[in-house]
$ cat target36.cif   # mmCIF, C-alpha atoms and all ligand atoms
data_coords
loop_
_atom_site.label_atom_id
_atom_site.label_comp_id
_atom_site.auth_asym_id
_atom_site.auth_seq_id
_atom_site.Cartn_x
_atom_site.Cartn_y
_atom_site.Cartn_z
CA MET A 260 16.03 -61.08 39.05
CA ASN A 261 17.66 -59.93 35.82
CA ALA A 262 17.09 -62.05 32.71
CA PRO A 263 20.18 -64.00 31.58
CA LEU A 264 22.30 -62.25 28.97
CA VAL A 265 21.60 -64.41 25.93
CA ALA A 266 21.93 -62.82 22.50
CA PRO A 267 18.67 -63.22 20.55
CA LEU A 268 18.72 -65.37 17.42
CA LEU A 269 19.02 -63.30 14.27
CA GLN A 270 16.96 -63.38 11.10
CA ALA A 271 18.14 -63.19 7.50
CA LYS A 272 17.33 -59.46 7.38
CA ASP A 273 19.81 -58.83 10.22
CA PHE A 274 22.61 -59.94 7.88
CA LYS A 275 21.59 -57.45 5.14
CA SER A 276 23.28 -54.05 5.12
CA ASP A 277 21.56 -50.78 4.23
CA TYR A 278 23.32 -50.59 0.86
CA LYS A 279 20.95 -51.17 -2.03
CA PRO A 280 22.43 -53.61 -4.56
CA VAL A 281 23.25 -52.05 -7.93
CA TRP A 282 22.66 -55.28 -9.88
CA CYS A 283 20.40 -55.23 -12.95
CA PRO A 284 16.75 -56.05 -12.19
CA GLY A 285 16.34 -59.85 -12.41
CA CYS A 286 20.04 -60.67 -11.87
CA GLY A 287 20.42 -64.05 -10.15
CA ASP A 288 22.82 -62.57 -7.60
CA TYR A 289 19.93 -60.99 -5.63
CA SER A 290 18.74 -64.48 -4.74
CA VAL A 291 22.25 -65.64 -3.86
CA LEU A 292 22.51 -62.73 -1.42
CA ALA A 293 19.16 -63.81 0.05
CA ALA A 294 20.39 -67.41 0.27
CA ILE A 295 23.60 -66.42 2.06
CA THR A 296 21.75 -64.33 4.64
CA LYS A 297 19.17 -67.09 5.21
CA ALA A 298 21.96 -69.64 5.67
CA LEU A 299 23.80 -67.47 8.20
CA ALA A 300 20.60 -67.00 10.19
CA ALA A 301 19.82 -70.74 10.06
CA LEU A 302 23.34 -71.48 11.31
CA GLU A 303 22.63 -69.18 14.29
CA LEU A 304 25.72 -67.14 13.51
CA ARG A 305 26.23 -63.46 14.25
CA PRO A 306 27.61 -60.91 11.75
CA GLU A 307 30.63 -60.19 13.96
CA ASN A 308 31.64 -63.86 13.72
CA VAL A 309 31.46 -64.06 9.92
CA ALA A 310 33.68 -62.62 7.19
CA LEU A 311 32.80 -62.47 3.50
CA VAL A 312 35.73 -62.09 1.14
CA SER A 313 35.46 -61.42 -2.60
CA GLY A 314 37.37 -60.35 -5.69
CA ILE A 315 35.93 -58.12 -8.41
CA GLY A 316 32.80 -58.55 -10.53
CA CYS A 317 29.06 -58.04 -10.16
CA SER A 318 28.93 -61.18 -7.98
CA SER A 319 31.89 -60.01 -5.90
CA ARG A 320 29.86 -57.03 -4.63
CA ILE A 321 28.10 -59.29 -2.13
CA PRO A 322 30.19 -58.47 1.00
CA ALA A 323 29.03 -54.83 0.94
CA TYR A 324 25.41 -55.93 1.01
CA THR A 325 25.81 -57.82 4.29
CA THR A 326 26.43 -56.72 7.86
CA CYS A 327 29.30 -59.23 8.28
CA TYR A 328 32.94 -58.29 8.09
CA GLY A 329 33.76 -57.85 4.40
CA PHE A 330 36.78 -57.64 2.16
CA HIS A 331 36.16 -56.60 -1.46
CA GLY A 332 39.60 -57.32 -2.77
CA VAL A 333 41.49 -57.61 -6.01
CA HIS A 334 40.20 -59.40 -9.13
CA GLY A 335 40.88 -63.15 -8.81
CA ARG A 336 42.54 -62.92 -5.41
CA ALA A 337 39.71 -63.58 -2.99
CA LEU A 338 40.91 -67.08 -2.07
CA PRO A 339 44.44 -66.18 -0.93
CA ALA A 340 43.04 -63.29 1.13
CA ALA A 341 40.45 -65.58 2.70
CA THR A 342 43.05 -68.30 3.36
CA GLY A 343 45.24 -65.82 5.24
CA LEU A 344 42.27 -64.54 7.19
CA LYS A 345 41.13 -68.02 8.23
CA ALA A 346 44.70 -68.99 9.19
CA ALA A 347 44.99 -65.91 11.40
CA ARG A 348 41.42 -66.01 12.76
CA PRO A 349 40.26 -69.65 12.83
CA ASP A 350 37.36 -68.59 15.06
CA LEU A 351 35.70 -66.69 12.19
CA THR A 352 33.36 -68.36 9.70
CA VAL A 353 34.84 -67.32 6.36
CA LEU A 354 32.79 -67.33 3.14
CA VAL A 355 34.25 -66.39 -0.22
CA ALA A 356 32.12 -64.98 -3.06
CA SER A 357 33.25 -65.03 -6.67
CA GLY A 358 32.17 -65.22 -10.31
CA ASP A 359 33.26 -67.53 -13.11
CA GLY A 360 35.57 -64.87 -14.56
CA ASP A 361 37.04 -63.85 -11.21
CA GLY A 362 37.32 -67.38 -9.83
CA TYR A 363 38.17 -69.57 -12.82
CA SER A 364 40.09 -67.26 -15.13
CA ILE A 365 42.41 -64.80 -13.37
CA GLY A 366 41.82 -66.65 -10.08
CA GLY A 367 42.04 -70.17 -11.53
CA ASN A 368 45.43 -70.97 -10.05
CA HIS A 369 44.27 -69.95 -6.57
CA PHE A 370 41.21 -72.17 -7.00
CA LEU A 371 43.37 -75.27 -7.53
CA HIS A 372 45.55 -74.57 -4.53
CA ALA A 373 42.69 -73.63 -2.22
CA CYS A 374 41.09 -77.02 -2.99
CA ARG A 375 44.43 -78.73 -2.37
CA ARG A 376 45.11 -76.88 0.91
CA ASN A 377 41.66 -77.68 2.25
CA VAL A 378 41.48 -74.73 4.63
CA ASP A 379 38.02 -74.50 6.25
CA LEU A 380 36.40 -72.02 3.84
CA THR A 381 33.10 -71.95 1.95
CA TYR A 382 33.63 -70.88 -1.65
CA ILE A 383 30.48 -69.68 -3.48
CA VAL A 384 30.96 -69.07 -7.19
CA MET A 385 28.08 -67.37 -9.00
CA ASP A 386 28.47 -68.86 -12.44
CA ASN A 387 26.69 -67.05 -15.30
CA HIS A 388 29.06 -68.23 -18.04
CA VAL A 389 30.04 -64.62 -18.85
CA TYR A 390 31.95 -61.61 -17.54
CA GLY A 391 28.98 -59.49 -16.49
CA MET A 392 30.66 -56.46 -14.98
CA THR A 393 32.89 -55.81 -18.00
CA LYS A 394 30.03 -56.15 -20.47
CA GLY A 395 29.81 -59.66 -21.77
CA GLN A 396 33.16 -61.19 -22.66
CA PRO A 397 33.23 -65.01 -22.72
CA SER A 398 34.52 -66.61 -19.52
CA PRO A 399 36.08 -70.05 -18.89
CA THR A 400 32.62 -71.61 -18.50
CA THR A 401 31.13 -70.02 -21.65
CA GLU A 402 29.93 -72.53 -24.23
CA PRO A 403 32.32 -72.61 -27.24
CA ASP A 404 29.55 -71.78 -29.73
CA TRP A 405 28.03 -68.84 -27.79
CA SER A 406 28.09 -66.05 -30.34
CA SER A 407 28.15 -62.44 -29.16
CA LYS A 408 29.26 -59.01 -30.35
CA LEU A 409 32.59 -59.54 -28.61
CA ALA A 410 33.11 -63.10 -29.85
CA PRO A 411 31.19 -63.49 -33.14
CA GLY A 412 30.67 -67.17 -33.93
CA GLY A 413 31.84 -68.14 -30.43
CA THR A 414 35.31 -68.72 -29.06
CA GLY A 415 35.52 -72.34 -30.21
CA VAL A 416 37.27 -73.06 -26.90
CA ARG A 417 36.05 -75.93 -24.73
CA GLU A 418 34.55 -75.00 -21.35
CA PHE A 419 36.31 -75.46 -18.03
CA HIS A 420 34.57 -77.99 -15.71
CA PRO A 421 34.83 -76.39 -12.24
CA LEU A 422 33.36 -79.31 -10.29
CA VAL A 423 35.64 -81.92 -11.82
CA ILE A 424 38.62 -79.64 -11.30
CA ALA A 425 37.63 -79.04 -7.67
CA LEU A 426 37.37 -82.78 -7.07
CA ALA A 427 40.70 -83.54 -8.74
CA SER A 428 42.37 -80.77 -6.75
CA GLY A 429 41.13 -81.98 -3.35
CA ALA A 430 38.02 -79.96 -2.42
CA ASN A 431 36.28 -81.65 0.52
CA PHE A 432 32.68 -80.74 -0.38
CA ILE A 433 31.25 -80.07 -3.83
CA ALA A 434 27.72 -78.91 -4.57
CA ARG A 435 25.74 -77.20 -7.28
CA ALA A 436 22.91 -74.79 -6.48
CA PHE A 437 20.50 -72.61 -8.48
CA SER A 438 19.83 -68.99 -7.59
CA GLY A 439 16.17 -69.37 -8.64
CA ASP A 440 15.67 -71.56 -5.55
CA PRO A 441 16.97 -69.36 -2.70
CA ASN A 442 15.75 -71.76 0.02
CA GLY A 443 17.47 -74.74 -1.59
CA CYS A 444 20.57 -72.63 -2.18
CA ALA A 445 20.53 -71.50 1.49
CA ALA A 446 20.30 -75.11 2.68
CA LEU A 447 23.31 -76.07 0.53
CA ILE A 448 25.32 -73.07 1.78
CA ALA A 449 24.53 -73.97 5.40
CA GLU A 450 25.58 -77.59 4.79
CA ALA A 451 28.80 -76.40 3.14
CA VAL A 452 29.63 -74.12 6.08
CA ARG A 453 29.04 -76.98 8.53
CA HIS A 454 31.25 -79.36 6.56
CA PRO A 455 34.90 -79.06 7.62
CA GLY A 456 37.55 -78.13 5.07
CA PHE A 457 37.27 -76.42 1.68
CA SER A 458 33.65 -76.46 0.52
CA PHE A 459 32.86 -75.42 -3.02
CA ILE A 460 29.40 -74.44 -4.25
CA GLU A 461 28.83 -73.63 -7.87
CA VAL A 462 25.67 -71.49 -8.03
CA LEU A 463 24.04 -71.17 -11.43
CA SER A 464 23.10 -67.48 -11.28
CA PRO A 465 21.75 -66.02 -14.54
CA CYS A 466 23.11 -62.80 -16.05
CA VAL A 467 19.85 -61.54 -17.51
CA THR A 468 21.56 -58.66 -19.30
CA PHE A 469 24.26 -60.41 -21.32
CA ARG A 470 22.83 -63.96 -21.28
CA PRO A 471 19.02 -63.44 -21.21
CA GLU A 472 18.57 -67.01 -22.48
CA GLN A 473 19.72 -68.18 -19.03
CA ARG A 474 16.24 -67.33 -17.72
CA ALA A 475 15.36 -70.78 -19.11
CA TRP A 476 17.71 -72.43 -16.58
CA LYS A 477 14.72 -72.74 -14.26
CA GLU A 478 13.34 -75.37 -16.67
CA SER A 479 16.69 -77.19 -16.94
CA VAL A 480 17.70 -77.61 -13.30
CA HIS A 481 16.70 -80.77 -11.44
CA PRO A 482 17.67 -82.44 -8.16
CA ALA A 483 20.70 -84.72 -8.42
CA PRO A 484 19.29 -88.24 -8.88
CA VAL A 485 21.56 -89.83 -6.25
CA ALA A 486 22.81 -88.83 -2.80
CA ALA A 487 26.31 -87.38 -2.34
CA THR A 488 29.14 -89.86 -2.37
CA ALA A 489 32.35 -89.82 -0.31
CA ASP A 490 34.11 -91.91 -2.95
CA PRO A 491 36.15 -89.59 -5.23
CA ALA A 492 36.31 -92.14 -8.07
CA ARG A 493 32.53 -92.50 -8.10
CA ALA A 494 32.09 -88.73 -7.81
CA ALA A 495 34.47 -88.21 -10.75
CA ARG A 496 32.47 -90.57 -12.96
CA ARG A 497 29.23 -88.84 -11.99
CA LEU A 498 30.59 -85.33 -12.49
CA MET A 499 32.13 -86.16 -15.86
CA THR A 500 28.77 -87.36 -17.16
CA ASP A 501 26.68 -84.75 -15.38
CA ASP A 502 24.46 -82.55 -17.60
CA GLY A 503 25.48 -79.36 -15.79
CA PHE A 504 22.07 -78.97 -14.12
CA ASN A 505 22.16 -81.54 -11.29
CA ILE A 506 21.43 -79.63 -8.10
CA GLY A 507 22.53 -80.83 -4.67
CA VAL A 508 25.58 -82.05 -2.80
CA LEU A 509 27.62 -84.07 -5.28
CA TYR A 510 30.66 -85.00 -3.20
CA LYS A 511 31.29 -84.99 0.54
CA GLY A 512 34.82 -85.98 1.53
CA ASP A 513 36.34 -86.68 4.92
CA ARG A 514 39.78 -85.12 4.57
CA ALA A 515 40.89 -83.29 7.70
CA PRO A 516 41.08 -79.52 7.10
CA PHE A 517 44.44 -77.81 7.05
CA ARG A 518 45.23 -75.98 10.28
CA PRO A 519 48.35 -73.87 10.53
CA GLY A 520 50.71 -75.34 13.12
CA ALA A 521 48.95 -78.72 13.14
CA ASN A 522 51.92 -80.45 11.50
CA GLY A 523 54.47 -79.42 14.10
CA PRO A 524 55.18 -76.74 16.67
CA GLU A 525 55.03 -73.14 15.40
CA ARG A 526 58.39 -71.41 15.42
CA ALA A 527 59.01 -67.72 15.99
CA VAL A 528 60.37 -65.87 12.94
CA ALA A 529 63.39 -64.78 15.03
CA ASP A 530 64.26 -68.45 15.68
CA LEU A 531 63.96 -69.27 11.98
CA GLU A 532 66.24 -66.34 11.13
CA LYS A 533 68.89 -67.64 13.50
CA GLY A 534 69.14 -70.79 11.37
CA PHE A 535 70.09 -68.70 8.33
CA GLN A 536 72.81 -66.66 10.04
CA LEU A 537 76.26 -66.99 8.46
C1 LIG A 601 43.52 -57.27 -12.66
C2 LIG A 601 42.17 -56.94 -13.26
N1 LIG A 601 41.91 -57.37 -14.50
C3 LIG A 601 40.70 -57.11 -15.05
C4 LIG A 601 39.76 -56.42 -14.35
C5 LIG A 601 38.44 -56.10 -14.99
N2 LIG A 601 37.36 -56.92 -14.52
C6 LIG A 601 36.58 -56.50 -13.49
S1 LIG A 601 35.32 -57.56 -13.17
C7 LIG A 601 35.82 -58.58 -14.42
C8 LIG A 601 35.04 -59.82 -14.78
C9 LIG A 601 34.10 -60.29 -13.76
O1 LIG A 601 33.43 -61.42 -14.24
P1 LIG A 601 32.85 -62.51 -13.27
O2 LIG A 601 33.82 -62.88 -12.25
O3 LIG A 601 32.34 -63.62 -14.14
O4 LIG A 601 31.70 -61.78 -12.49
P2 LIG A 601 30.27 -61.21 -12.92
O5 LIG A 601 30.51 -59.76 -13.16
O6 LIG A 601 29.79 -61.94 -14.12
O7 LIG A 601 29.47 -61.49 -11.70
C10 LIG A 601 36.96 -58.10 -15.06
C11 LIG A 601 37.64 -58.77 -16.20
C12 LIG A 601 40.09 -55.98 -13.06
N3 LIG A 601 39.21 -55.32 -12.28
N4 LIG A 601 41.29 -56.26 -12.54
S1 LIG A 602 25.52 -57.46 -15.80
FE1 LIG A 602 24.69 -59.52 -15.46
S2 LIG A 602 25.78 -60.30 -13.63
FE2 LIG A 602 26.03 -58.06 -13.68
S3 LIG A 602 24.34 -57.24 -12.41
FE3 LIG A 602 23.66 -57.25 -14.56
S4 LIG A 602 22.58 -59.22 -14.78
FE4 LIG A 602 23.85 -59.38 -12.94
#
$ encode --input "target36.cif" --output "structure tokens"
Amino acid sequence: MNAPLVAPLLQAKDFKSDYKPVWCPGCGDYSVLAAITKALAALELRPENVALVSGIGCSSRIPAYTTCYGFHGVHGRALPAATGLKAARPDLTVLVASGDGDGYSIGGNHFLHACRRNVDLTYIVMDNHVYGMTKGQPSPTTEPDWSSKLAPGGTGVREFHPLVIALASGANFIARAFSGDPNGCAALIAEAVRHPGFSFIEVLSPCVTFRPEQRAWKESVHPAPVAATADPARAARRLMTDDGFNIGVLYKGDRAPFRPGANGPERAVADLEKGFQL
């Protein structure tokens, strides 16, 4: 008798492509890549059922380093591309990879509306508080007093608070991870993928080239002292007073994800056009 045709479970290495990452030695993004591939294996997914969408930046190179479907798009525009993909192919697991420049600066507007729409996506932002790929400009999460060749004395501009903004805009799952703990990061990514709706994970991922002092983040991070709450008011208070290094799931909402067509019957474009005929 022939053995039943059951696809074997895959391992993290099966989700890694043959392309060798071009990141600087020690960049946190290597561990985020490892965490994503571990999470996909733990979720018992297959590369042909997963799409990774990104914008532009060192962090946005991730899709090429996996065997999943990938879309390395335009700077700041990963979320609209991913939203369209998930709307057209709800059967795919769609992950979005970004950086703090890509996702919070040029892509900031899309971030707000992706949280509000609550399409079932997992948004992983590798935050290194700097534009790495373009050689060290301050980003929206850069500390105001960070002095560099490009911004001597610092920008003097207050940082953006991505987690608070995600909560206020309607994200359904909010977590913070650290690249230096790839297993912990993988567990958070897997939990985010399982949670319905728009899941946002801020991954502290050091840029060792332009922010070498971020190597000390490993001494600053600590597990969040309390379990995730589903109460947005409580989550807001916690996030507003958070030291920036709490690791774990910080908010887990129960809003139903947006599904195209769920709010009424879909209409053919030709029928819609008829309504506009003079
Ligand atoms: C429309 C447009 N504007 C600017 C750029 C140049 N650019 C490429 S990557 C990047 C910043 C990336 O920073 P971040 O998202 O923080 O990623 P990192 O490289 O730090 O991972 C910029 C400004 C571009 N490619 N396209
Ligand atoms: S410049 Fe920074 S973010 Fe880019 S690969 Fe190098 S260490 Fe990583």
$ closest_residue --input "target36.cif" --among "A:Ile295, A:Ala489, A:Val353, A:Cys466" --to "A:Met392" --atoms "all atoms listed in the file"
A:Cys466
$ residues_around --input "target36.cif" --residues "A:Pro482" --least-positions-apart "5" --cutoff "10 Å" --atoms "only C-alpha atoms" --output "list in words"
Arg435, Ala436, Phe504, Asn505, Ile506, Gly507 and Val508 of chain A
$ residues_near_ligand --input "target36.cif" --ligand "ligand LIG 602 (chain A)" --cutoff "6 Å" --atoms "only C-alpha atoms and all ligand atoms" --output "PyMOL selection string"
chain A and resi 282-283+286+317+391-392+466-469
$ atom_distance --input "target36.cif" --atom1 "atom C12 of ligand LIG 601 (chain A)" --atom2 "atom CA of A:Ile315"
6.6 Å
$ atom_distance --input "target36.cif" --atom1 "atom CA of A:Gly358" --atom2 "atom CA of A:Tyr390"
8.1 Å
$ atom_distance --input "target36.cif" --atom1 "atom C12 of ligand LIG 601 (chain A)" --atom2 "atom CA of A:Ile365"
9.1 Å
$ decode --input "target36.cif" --residues "stretch 470-483 of chain A" --atoms "all heavy atoms" --output "compact mmCIF listing (two decimals), in the first residue's frame"
# COMPACT_ATOMS: atom_id res chain seq x y z
N ARG A 470 24.63 53.15 14.76
CA ARG A 470 24.25 53.34 16.17
C ARG A 470 24.90 52.24 17.01
O ARG A 470 24.21 51.43 17.66
CB ARG A 470 22.72 53.27 16.34
CG ARG A 470 21.87 54.19 15.49
CD ARG A 470 21.89 55.65 15.92
NE ARG A 470 21.86 55.93 17.31
CZ ARG A 470 20.81 56.44 17.99
NH1 ARG A 470 19.68 56.70 17.35
NH2 ARG A 470 20.89 56.72 19.26
N PRO A 471 26.28 52.17 17.01
CA PRO A 471 26.93 51.06 17.71
C PRO A 471 26.55 50.98 19.19
O PRO A 471 26.59 49.91 19.79
CB PRO A 471 28.43 51.34 17.53
CG PRO A 471 28.53 52.74 17.03
CD PRO A 471 27.23 53.09 16.38
N GLU A 472 26.14 52.12 19.77
CA GLU A 472 25.76 52.11 21.19
C GLU A 472 24.52 51.23 21.44
O GLU A 472 24.25 50.84 22.58
CB GLU A 472 25.52 53.55 21.68
CG GLU A 472 24.27 54.26 21.16
CD GLU A 472 24.39 54.84 19.74
OE1 GLU A 472 25.34 54.50 19.01
OE2 GLU A 472 23.48 55.62 19.36
N GLN A 473 23.80 50.90 20.36
CA GLN A 473 22.60 50.05 20.54
C GLN A 473 22.96 48.60 20.90
O GLN A 473 22.08 47.83 21.29
CB GLN A 473 21.74 50.07 19.27
CG GLN A 473 21.08 51.42 19.04
CD GLN A 473 20.33 51.49 17.71
OE1 GLN A 473 20.47 50.62 16.85
NE2 GLN A 473 19.55 52.54 17.54
N ARG A 474 24.25 48.26 20.81
CA ARG A 474 24.65 46.92 21.28
C ARG A 474 24.28 46.76 22.75
O ARG A 474 24.06 45.65 23.22
CB ARG A 474 26.17 46.73 21.12
CG ARG A 474 26.62 46.58 19.67
CD ARG A 474 28.14 46.40 19.63
NE ARG A 474 28.70 46.47 18.29
CZ ARG A 474 28.81 45.44 17.46
NH1 ARG A 474 28.39 44.27 17.82
NH2 ARG A 474 29.34 45.61 16.27
N ALA A 475 24.20 47.87 23.47
CA ALA A 475 23.87 47.81 24.91
C ALA A 475 22.39 47.55 25.15
O ALA A 475 21.97 47.36 26.29
CB ALA A 475 24.28 49.12 25.59
N TRP A 476 21.57 47.51 24.09
CA TRP A 476 20.15 47.23 24.29
C TRP A 476 19.93 45.89 24.99
O TRP A 476 18.95 45.70 25.69
CB TRP A 476 19.41 47.23 22.94
CG TRP A 476 19.02 48.60 22.48
CD1 TRP A 476 19.15 49.78 23.16
CD2 TRP A 476 18.41 48.93 21.22
NE1 TRP A 476 18.66 50.82 22.40
CE2 TRP A 476 18.20 50.33 21.21
CE3 TRP A 476 18.04 48.20 20.09
CZ2 TRP A 476 17.62 51.00 20.13
CZ3 TRP A 476 17.46 48.85 19.02
CH2 TRP A 476 17.26 50.24 19.03
N LYS A 477 20.89 44.97 24.79
CA LYS A 477 20.70 43.65 25.42
C LYS A 477 20.66 43.76 26.95
O LYS A 477 20.10 42.91 27.63
CB LYS A 477 21.72 42.62 24.93
CG LYS A 477 23.16 42.92 25.18
CD LYS A 477 24.00 41.75 24.67
CE LYS A 477 25.48 41.97 24.82
NZ LYS A 477 26.00 43.16 24.13
N GLU A 478 21.28 44.83 27.49
CA GLU A 478 21.22 45.02 28.95
C GLU A 478 19.96 45.78 29.36
O GLU A 478 19.57 45.78 30.51
CB GLU A 478 22.44 45.82 29.45
CG GLU A 478 23.65 44.95 29.78
CD GLU A 478 24.57 44.80 28.60
OE1 GLU A 478 24.91 45.81 27.98
OE2 GLU A 478 24.92 43.63 28.27
N SER A 479 19.33 46.47 28.40
CA SER A 479 18.17 47.31 28.75
C SER A 479 16.84 46.58 28.65
O SER A 479 15.89 46.91 29.35
CB SER A 479 18.10 48.53 27.82
OG SER A 479 19.33 49.19 27.79
N VAL A 480 16.76 45.59 27.73
CA VAL A 480 15.45 44.95 27.52
C VAL A 480 15.08 44.07 28.72
O VAL A 480 15.95 43.56 29.42
CB VAL A 480 15.44 44.08 26.22
CG1 VAL A 480 15.54 44.96 24.99
CG2 VAL A 480 16.52 43.02 26.25
N HIS A 481 13.78 43.94 28.95
CA HIS A 481 13.29 43.10 30.05
C HIS A 481 11.86 42.68 29.72
O HIS A 481 11.16 43.39 29.00
CB HIS A 481 13.33 43.86 31.37
CG HIS A 481 12.66 45.19 31.30
ND1 HIS A 481 11.30 45.34 31.46
CD2 HIS A 481 13.14 46.42 31.00
CE1 HIS A 481 10.99 46.62 31.28
NE2 HIS A 481 12.08 47.30 30.99
N PRO A 482 11.42 41.53 30.24
CA PRO A 482 10.05 41.11 29.94
C PRO A 482 9.06 42.13 30.50
O PRO A 482 9.28 42.68 31.58
CB PRO A 482 9.91 39.76 30.66
CG PRO A 482 11.29 39.36 31.06
CD PRO A 482 12.13 40.59 31.12
N ALA A 483 7.97 42.35 29.78
CA ALA A 483 6.92 43.24 30.27
C ALA A 483 6.44 42.70 31.61
O ALA A 483 6.24 41.50 31.76
CB ALA A 483 5.78 43.29 29.27
